[in-house]
$ cat coords-v6.cif   # mmCIF, C-alpha atoms and all ligand atoms
data_structure
#
loop_
_atom_site.label_atom_id
_atom_site.label_comp_id
_atom_site.auth_asym_id
_atom_site.auth_seq_id
_atom_site.Cartn_x
_atom_site.Cartn_y
_atom_site.Cartn_z
CA MET A 16 76.63 108.21 36.86
CA PRO A 17 80.22 107.49 37.84
CA GLU A 18 81.89 110.56 39.37
CA LEU A 19 85.27 111.01 41.04
CA PRO A 20 84.68 108.50 43.90
CA GLU A 21 83.39 105.80 41.55
CA VAL A 22 86.22 106.26 39.04
CA GLU A 23 88.79 106.38 41.88
CA THR A 24 87.35 103.08 43.19
CA VAL A 25 87.59 101.48 39.75
CA LYS A 26 91.22 102.61 39.48
CA ASN A 27 92.13 101.38 42.97
CA GLU A 28 90.47 98.02 42.48
CA LEU A 29 91.86 97.38 38.98
CA LEU A 30 95.42 98.41 39.82
CA PRO A 31 96.63 95.19 41.48
CA TYR A 32 95.08 92.99 38.77
CA ILE A 33 95.91 94.92 35.63
CA VAL A 34 99.26 96.62 35.95
CA GLY A 35 102.04 94.50 34.49
CA HIS A 36 99.63 92.53 32.30
CA HIS A 37 99.78 92.42 28.52
CA ILE A 38 96.81 93.02 26.26
CA THR A 39 96.45 89.90 24.13
CA GLY A 40 93.29 90.69 22.21
CA ILE A 41 90.35 93.02 21.81
CA THR A 42 86.72 92.21 21.11
CA LEU A 43 84.47 95.09 20.10
CA PHE A 44 80.72 94.55 20.18
CA TRP A 45 80.12 98.27 19.62
CA GLU A 46 82.79 99.99 17.53
CA GLY A 47 81.42 103.43 18.41
CA ILE A 48 83.07 103.08 21.80
CA VAL A 49 86.46 103.80 20.16
CA ARG A 50 86.65 107.56 19.62
CA GLN A 51 90.25 107.83 18.47
CA PRO A 52 92.11 106.60 16.38
CA SER A 53 90.42 104.25 13.88
CA VAL A 54 89.24 100.89 15.17
CA GLU A 55 91.98 99.16 13.11
CA GLU A 56 94.76 101.34 14.54
CA PHE A 57 93.33 101.05 18.03
CA ARG A 58 93.34 97.29 17.86
CA SER A 59 96.72 96.85 16.18
CA HIS A 60 98.47 99.22 18.58
CA LEU A 61 96.96 97.84 21.77
CA ILE A 62 97.53 94.14 21.14
CA GLY A 63 100.88 93.18 22.67
CA GLN A 64 101.11 96.27 24.87
CA LYS A 65 101.89 95.97 28.56
CA ILE A 66 99.79 98.09 30.93
CA THR A 67 102.36 99.91 33.04
CA GLY A 68 100.10 102.02 35.23
CA ILE A 69 96.59 103.32 35.89
CA ALA A 70 95.73 106.80 37.08
CA ARG A 71 92.59 108.89 37.40
CA ARG A 72 92.13 112.50 36.28
CA GLY A 73 88.68 113.92 36.92
CA LYS A 74 86.29 111.23 35.75
CA TYR A 75 88.80 109.77 33.27
CA LEU A 76 90.78 106.55 33.69
CA ILE A 77 94.27 106.74 32.23
CA PHE A 78 96.11 103.52 31.36
CA SER A 79 99.82 103.92 30.57
CA LEU A 80 101.18 101.51 27.99
CA SER A 81 104.69 100.17 27.40
CA SER A 82 104.78 101.97 24.01
CA GLY A 83 104.48 105.33 25.78
CA LYS A 84 100.97 105.85 24.43
CA THR A 85 97.96 106.15 26.70
CA LEU A 86 94.58 104.44 26.70
CA ILE A 87 91.94 106.75 28.18
CA ILE A 88 88.49 105.54 29.23
CA HIS A 89 85.46 107.62 30.23
CA LEU A 90 82.55 105.64 31.68
CA ARG A 91 80.05 108.46 31.04
CA MET A 92 76.49 107.76 32.25
CA THR A 93 76.24 104.00 32.59
CA GLY A 94 79.70 102.44 32.11
CA SER A 95 81.45 99.92 34.35
CA LEU A 96 84.69 98.00 33.91
CA LEU A 97 84.26 94.40 35.00
CA LEU A 98 87.26 92.22 35.69
CA LYS A 99 86.63 88.58 34.79
CA SER A 100 88.60 85.36 34.53
CA ALA A 101 88.56 83.80 31.07
CA PRO A 102 86.68 81.96 29.82
CA ALA A 103 83.82 84.26 30.82
CA GLU A 104 80.47 84.91 29.22
CA PRO A 105 80.32 88.48 27.92
CA ASP A 106 78.01 90.62 30.02
CA LYS A 107 74.71 91.30 28.25
CA PHE A 108 75.76 94.96 27.95
CA ALA A 109 79.48 94.37 27.22
CA ARG A 110 80.54 96.77 24.42
CA ALA A 111 84.24 95.88 24.45
CA ILE A 112 86.52 93.28 26.00
CA LEU A 113 90.23 93.75 26.58
CA HIS A 114 91.73 90.27 26.83
CA LEU A 115 94.76 90.13 29.08
CA ASP A 116 97.41 87.51 29.73
CA LYS A 117 96.98 85.05 32.60
CA ASP A 118 93.33 84.54 31.63
CA ALA A 119 92.16 87.95 32.80
CA GLN A 120 89.78 90.12 30.85
CA LEU A 121 88.28 93.53 31.28
CA GLN A 122 84.72 93.90 30.04
CA PHE A 123 83.46 97.42 29.32
CA ARG A 124 79.79 97.17 30.27
CA ASP A 125 77.69 100.10 29.13
CA PRO A 126 73.90 99.74 28.73
CA ARG A 127 73.45 103.16 27.09
CA LYS A 128 76.54 103.00 24.84
CA LEU A 129 77.80 106.44 25.86
CA GLY A 130 81.21 105.39 27.19
CA VAL A 131 84.33 106.27 25.22
CA MET A 132 87.90 105.01 24.72
CA TRP A 133 90.76 106.97 23.21
CA LEU A 134 94.30 105.85 22.37
CA VAL A 135 96.54 108.91 22.35
CA GLU A 136 100.14 109.97 22.22
CA ASP A 137 99.56 112.96 24.47
CA GLU A 138 96.93 112.60 27.19
CA SER A 139 96.66 116.38 27.59
CA ASN A 140 94.69 116.42 24.31
CA ILE A 141 91.86 114.76 26.26
CA VAL A 142 92.33 115.80 29.89
CA GLY A 143 94.39 118.97 29.51
CA LYS A 144 91.50 121.38 30.04
CA LEU A 145 90.28 119.90 33.31
CA GLY A 146 90.22 122.04 36.43
CA PRO A 147 92.09 121.17 39.64
CA GLU A 148 91.69 117.85 41.44
CA PRO A 149 89.63 118.56 44.57
CA LEU A 150 91.39 115.96 46.72
CA GLU A 151 94.94 117.02 45.95
CA THR A 152 96.82 118.84 48.69
CA GLY A 153 97.24 121.86 46.42
CA PHE A 154 93.47 122.36 46.39
CA THR A 155 92.98 124.67 49.38
CA PRO A 156 90.14 127.00 50.43
CA GLN A 157 92.23 129.78 48.86
CA THR A 158 92.29 127.88 45.54
CA LEU A 159 88.50 127.64 45.63
CA GLN A 160 88.14 131.29 46.64
CA LYS A 161 90.26 132.34 43.65
CA LEU A 162 88.28 130.15 41.26
CA LEU A 163 85.01 131.65 42.48
CA GLU A 164 86.07 135.29 42.20
CA LYS A 165 83.72 137.30 39.96
CA ARG A 166 81.87 134.18 38.82
CA ILE A 167 78.18 134.91 38.36
CA ALA A 168 77.07 131.38 37.39
CA PRO A 169 75.13 129.42 40.03
CA ILE A 170 77.47 127.54 42.33
CA LYS A 171 75.81 124.24 41.36
CA ALA A 172 76.61 124.86 37.68
CA LEU A 173 80.22 125.76 38.52
CA LEU A 174 80.69 122.57 40.52
CA LEU A 175 79.48 120.54 37.52
CA ASP A 176 81.85 122.36 35.13
CA GLN A 177 84.84 120.02 34.66
CA SER A 178 87.10 122.92 33.68
CA PHE A 179 86.28 124.60 37.01
CA ILE A 180 86.94 121.58 39.27
CA ALA A 181 87.49 118.05 37.93
CA GLY A 182 85.50 115.01 38.95
CA ILE A 183 82.36 116.34 40.63
CA GLY A 184 79.01 115.46 39.06
CA ASN A 185 75.37 115.86 39.95
CA MET A 186 75.25 113.63 43.03
CA TYR A 187 78.29 114.95 44.87
CA ALA A 188 77.58 118.58 43.92
CA ASP A 189 74.19 118.33 45.65
CA GLU A 190 75.68 116.54 48.65
CA ALA A 191 78.51 119.07 49.04
CA LEU A 192 76.17 122.08 48.80
CA PHE A 193 73.84 120.54 51.38
CA ALA A 194 76.74 119.81 53.76
CA ALA A 195 77.98 123.40 53.29
CA ARG A 196 74.43 124.81 53.72
CA ILE A 197 74.66 126.78 50.47
CA HIS A 198 71.74 127.25 48.06
CA PRO A 199 72.53 125.75 44.61
CA LEU A 200 71.56 128.98 42.80
CA ARG A 201 73.93 131.25 44.71
CA PRO A 202 76.18 133.04 42.18
CA GLY A 203 79.69 131.63 42.78
CA GLY A 204 81.31 135.00 43.39
CA THR A 205 78.89 135.91 46.20
CA LEU A 206 80.07 133.22 48.63
CA SER A 207 81.59 134.67 51.80
CA PRO A 208 85.06 133.49 52.90
CA ASP A 209 83.36 131.41 55.58
CA GLU A 210 81.04 129.78 53.04
CA VAL A 211 83.96 129.06 50.73
CA LYS A 212 85.73 127.32 53.61
CA ARG A 213 82.61 125.30 54.39
CA LEU A 214 82.19 124.34 50.74
CA HIS A 215 85.84 123.33 50.39
CA ASN A 216 85.56 121.16 53.47
CA ALA A 217 82.23 119.69 52.32
CA ILE A 218 83.57 118.80 48.86
CA GLN A 219 86.53 116.93 50.33
CA GLN A 220 84.46 115.29 53.01
CA VAL A 221 81.72 113.94 50.70
CA LEU A 222 84.26 112.72 48.14
CA TRP A 223 86.51 110.96 50.69
CA SER A 224 83.54 109.41 52.40
CA ALA A 225 82.18 108.11 49.07
CA ILE A 226 85.58 106.66 48.17
CA GLY A 227 85.58 104.92 51.55
CA ASN A 228 82.20 103.43 50.59
CA LYS A 229 83.51 102.38 47.14
CA GLY A 230 81.22 104.75 45.24
CA ALA A 231 77.47 105.03 44.84
CA SER A 232 75.44 102.41 42.96
CA THR A 233 72.25 104.37 42.47
CA ASN A 234 71.80 103.04 38.99
CA THR A 235 74.19 101.07 36.80
CA TYR A 236 77.56 101.49 38.49
CA PHE A 237 79.40 98.33 39.51
CA ARG A 238 82.85 97.88 40.99
CA PRO A 239 85.29 95.80 38.89
CA GLY A 240 84.45 92.65 40.86
CA GLY A 241 80.74 93.16 40.12
CA GLU A 242 79.85 94.41 43.62
CA LYS A 243 77.92 97.62 44.20
CA GLY A 244 79.22 100.61 46.11
CA THR A 245 77.35 101.80 49.19
CA ALA A 246 77.97 105.57 49.19
CA HIS A 247 74.35 106.32 48.19
CA PHE A 248 73.10 104.98 51.53
CA GLU A 249 74.68 108.06 53.09
CA PHE A 250 73.22 110.59 50.67
CA LYS A 251 71.28 113.33 52.44
CA VAL A 252 69.63 115.00 49.44
CA ALA A 253 70.96 113.48 46.19
CA HIS A 254 68.63 111.02 44.47
CA ARG A 255 65.77 111.82 46.85
CA LEU A 256 62.18 111.98 45.85
CA SER A 257 60.49 115.34 46.07
CA GLY A 258 58.67 115.28 49.40
CA ASP A 259 61.39 113.33 51.24
CA LEU A 260 62.31 115.13 54.43
CA CYS A 261 65.62 116.82 55.20
CA PRO A 262 67.54 114.55 57.58
CA VAL A 263 68.72 117.60 59.54
CA CYS A 264 65.59 119.76 59.97
CA GLY A 265 62.66 117.72 58.65
CA THR A 266 61.69 120.23 55.92
CA PRO A 267 60.58 118.62 52.62
CA ILE A 268 63.51 118.49 50.18
CA GLU A 269 62.90 120.47 46.99
CA ARG A 270 63.90 119.78 43.42
CA ILE A 271 64.81 122.48 40.93
CA VAL A 272 66.56 122.31 37.57
CA VAL A 273 69.97 123.98 37.22
CA ARG A 274 71.55 123.83 33.74
CA ASN A 275 69.30 120.91 32.83
CA ARG A 276 70.27 118.89 35.89
CA GLY A 277 67.81 117.87 38.58
CA THR A 278 69.05 119.49 41.77
CA TYR A 279 67.96 118.56 45.29
CA PHE A 280 68.32 120.79 48.33
CA CYS A 281 66.72 121.73 51.65
CA PRO A 282 65.09 125.18 51.43
CA LYS A 283 65.60 125.73 55.17
CA CYS A 284 69.21 124.50 55.63
CA GLN A 285 70.22 126.07 52.28
CA PRO A 286 68.35 129.40 52.28
CA GLU A 287 67.55 131.36 49.09
CA PRO A 288 70.18 133.76 47.81
ZN ZN A 301 67.05 121.01 56.30
#

$ encode --input "coords-v6.cif" --output "structure tokens" --more "lines below"
Ligand SMILES: [Zn+2]
Amino acid sequence: MPELPEVETVKNELLPYIVGHHITGITLFWEGIVRQPSVEEFRSHLIGQKITGIARRGKYLIFSLSSGKTLIIHLRMTGSLLLKSAPAEPDKFARAILHLDKDAQLQFRDPRKLGVMWLVEDESNIVGKLGPEPLETGFTPQTLQKLLEKRIAPIKALLLDQSFIAGIGNMYADEALFAARIHPLRPGGTLSPDEVKRLHNAIQQVLWSAIGNKGASTNTYFRPGGEKGTAHFEFKVAHRLSGDLCPVCGTPIERIVVRNRGTYFCPKCQPEP
């Protein structure tokens, strides 16, 4: 599933091809992909708009429009945005196509139809409740320490909570906890200052490294040009099979379920609480 590094890659790779272009048409193969407003309003507002910028907040892509409104896209489990030159065959799983000037088009590919688009006046209605961005300079070990204070939820669950920190999902939560040598079930508030520092460092390190590798294509994620990312080749515990060995100590990696999410860790490197 696309997480911060995948969405950041999509943003970075679309930016030079999309910004400054006008939307000339919209094809919807699956109207359920438009969450807000109505399909008619969505279409009539977007056609003719110039895309003036793209940003990322958490796992959301935020397209600024010349009207001052904002198009927000969430790829959810299986979404990709594919940049094509018209005329192009729609991808088998294309749910929407934004047609752009100069023969460009953006195909929203989404096998499981879980992705969402919103057109809003005020983006904070959608992204306003997100926690801090873990790669921003303001996100320090002290920020993390403060967030963790008195929290009794398992650290894995906190890392997945988008109102706690934005952008981290199942893969990078497992990778960060492994790198920090912290058991996924440790209650957040019990981490020592040294562990908080290690976790802060591990979060930033795994996310930057994954961005450098253009995201992880474990399943259905593609970069806008159709290529896969390679971040998953560096995964130490995420997406392992039970019985795979820890790359550090050789102990079999274990799988547990935390808040309904399969969670992989090394019982020796990440000892029990
Ligand atoms: Zn180990």

$ residues_near_ligand --input "coords-v6.cif" --ligand "ligand ZN 301 (chain A)" --cutoff "7 Å" --atoms "only C-alpha atoms and all ligand atoms" --output "list of chain:residue names"
A:Cys261, A:Pro262, A:Val263, A:Cys264, A:Gly265, A:Thr266, A:Cys281, A:Pro282, A:Lys283, A:Cys284

$ atom_distance --input "coords-v6.cif" --atom1 "atom CA of A:Pro126" --atom2 "atom CA of A:Ala225"
23.5 Å

$ closest_residue --input "coords-v6.cif" --among "A:Leu29, A:Leu206, A:Gly83, A:Thr42" --to "A:Lys161" --atoms "all atoms listed in the file"
A:Leu206

$ residues_around --input "coords-v6.cif" --residues "A:His114" --least-positions-apart "5" --cutoff "6 Å" --atoms "all atoms listed in the file" --output "list in words"
Ile38, Thr39, Gly40, Ile41 and Gln120 of chain A

$ write_last_selection --input "coords-v6.cif" --atoms "C-alpha atoms" --output "short mmCIF file (atom, residue, chain, number, x, y, z; two decimals), in the coordinates of the input"
data_model
loop_
_atom_site.label_atom_id
_atom_site.label_comp_id
_atom_site.auth_asym_id
_atom_site.auth_seq_id
_atom_site.Cartn_x
_atom_site.Cartn_y
_atom_site.Cartn_z
CA ILE A 38 96.81 93.02 26.26
CA THR A 39 96.45 89.90 24.13
CA GLY A 40 93.29 90.69 22.21
CA ILE A 41 90.35 93.02 21.81
CA GLN A 120 89.78 90.12 30.85
#

$ closest_residue --input "coords-v6.cif" --among "A:Met186, A:Leu174, A:Leu96, A:Ala119" --to "A:Leu159" --atoms "only C-alpha atoms"
A:Leu174

$ residues_around --input "coords-v6.cif" --residues "A:Ile167" --least-positions-apart "3" --cutoff "8 Å" --atoms "all atoms listed in the file" --output "JSON, numbers by chain"
{"A": [202, 203, 204, 205]}

$ write_last_selection --input "coords-v6.cif" --atoms "C-alpha atoms" --output "PDB file, keeping the file's coordinate frame"
ATOM      1  CA  PRO A 202      76.180 133.040  42.180  1.00  0.00           C
ATOM      2  CA  GLY A 203      79.690 131.630  42.780  1.00  0.00           C
ATOM      3  CA  GLY A 204      81.310 135.000  43.390  1.00  0.00           C
ATOM      4  CA  THR A 205      78.890 135.910  46.200  1.00  0.00           C
TER       5      THR A 205
END

$ atom_distance --input "coords-v6.cif" --atom1 "atom CA of A:Ala70" --atom2 "atom CA of A:Lys212"
28.2 Å

$ atom_distance --input "coords-v6.cif" --atom1 "atom CA of A:Phe179" --atom2 "atom CA of A:His89"
18.3 Å

$ closest_residue --input "coords-v6.cif" --among "A:Ala109, A:Leu86, A:Leu115, A:Met16" --to "A:Ile33" --atoms "only C-alpha atoms"
A:Leu115

$ residues_around --input "coords-v6.cif" --residues "A:Ser81" --least-positions-apart "6" --cutoff "10 Å" --atoms "only C-alpha atoms" --output "list in words"
Gly35, His37, Leu61, Gly63, Gln64, Lys65, Ile66, Thr67 and Gly68 of chain A

$ residues_around --input "coords-v6.cif" --residues "A:Ala181" --least-positions-apart "6" --cutoff "12 Å" --atoms "only C-alpha atoms" --output "VMD selection string"
chain A and resid 18 to 20 22 71 to 75 142 to 151 154 173 to 175 187 to 188 218 222

$ closest_residue --input "coords-v6.cif" --among "A:Pro267, A:Gly230, A:Gly182, A:Pro31" --to "A:Val252" --atoms "all atoms listed in the file"
A:Pro267

$ residues_around --input "coords-v6.cif" --residues "A:Arg124" --least-positions-apart "5" --cutoff "8 Å" --atoms "all atoms listed in the file" --output "list in words"
Gly94, Ser95, Leu96, Leu97, Asp106, Phe108, Ala109, Arg110 and Ala111 of chain A

$ write_last_selection --input "coords-v6.cif" --atoms "C-alpha atoms" --output "tab-separated table (two decimals), in the frame of the given file"
chain	number	residue	atom	x	y	z
A	94	GLY	CA	79.70	102.44	32.11
A	95	SER	CA	81.45	99.92	34.35
A	96	LEU	CA	84.69	98.00	33.91
A	97	LEU	CA	84.26	94.40	35.00
A	106	ASP	CA	78.01	90.62	30.02
A	108	PHE	CA	75.76	94.96	27.95
A	109	ALA	CA	79.48	94.37	27.22
A	110	ARG	CA	80.54	96.77	24.42
A	111	ALA	CA	84.24	95.88	24.45

$ closest_residue --input "coords-v6.cif" --among "A:Leu256, A:Val54, A:Met92, A:Ala101" --to "A:Thr235" --atoms "only C-alpha atoms"
A:Met92

$ closest_residue --input "coords-v6.cif" --among "A:His198, A:Lys107, A:Arg127, A:Arg50" --to "A:Val273" --atoms "all atoms listed in the file"
A:His198
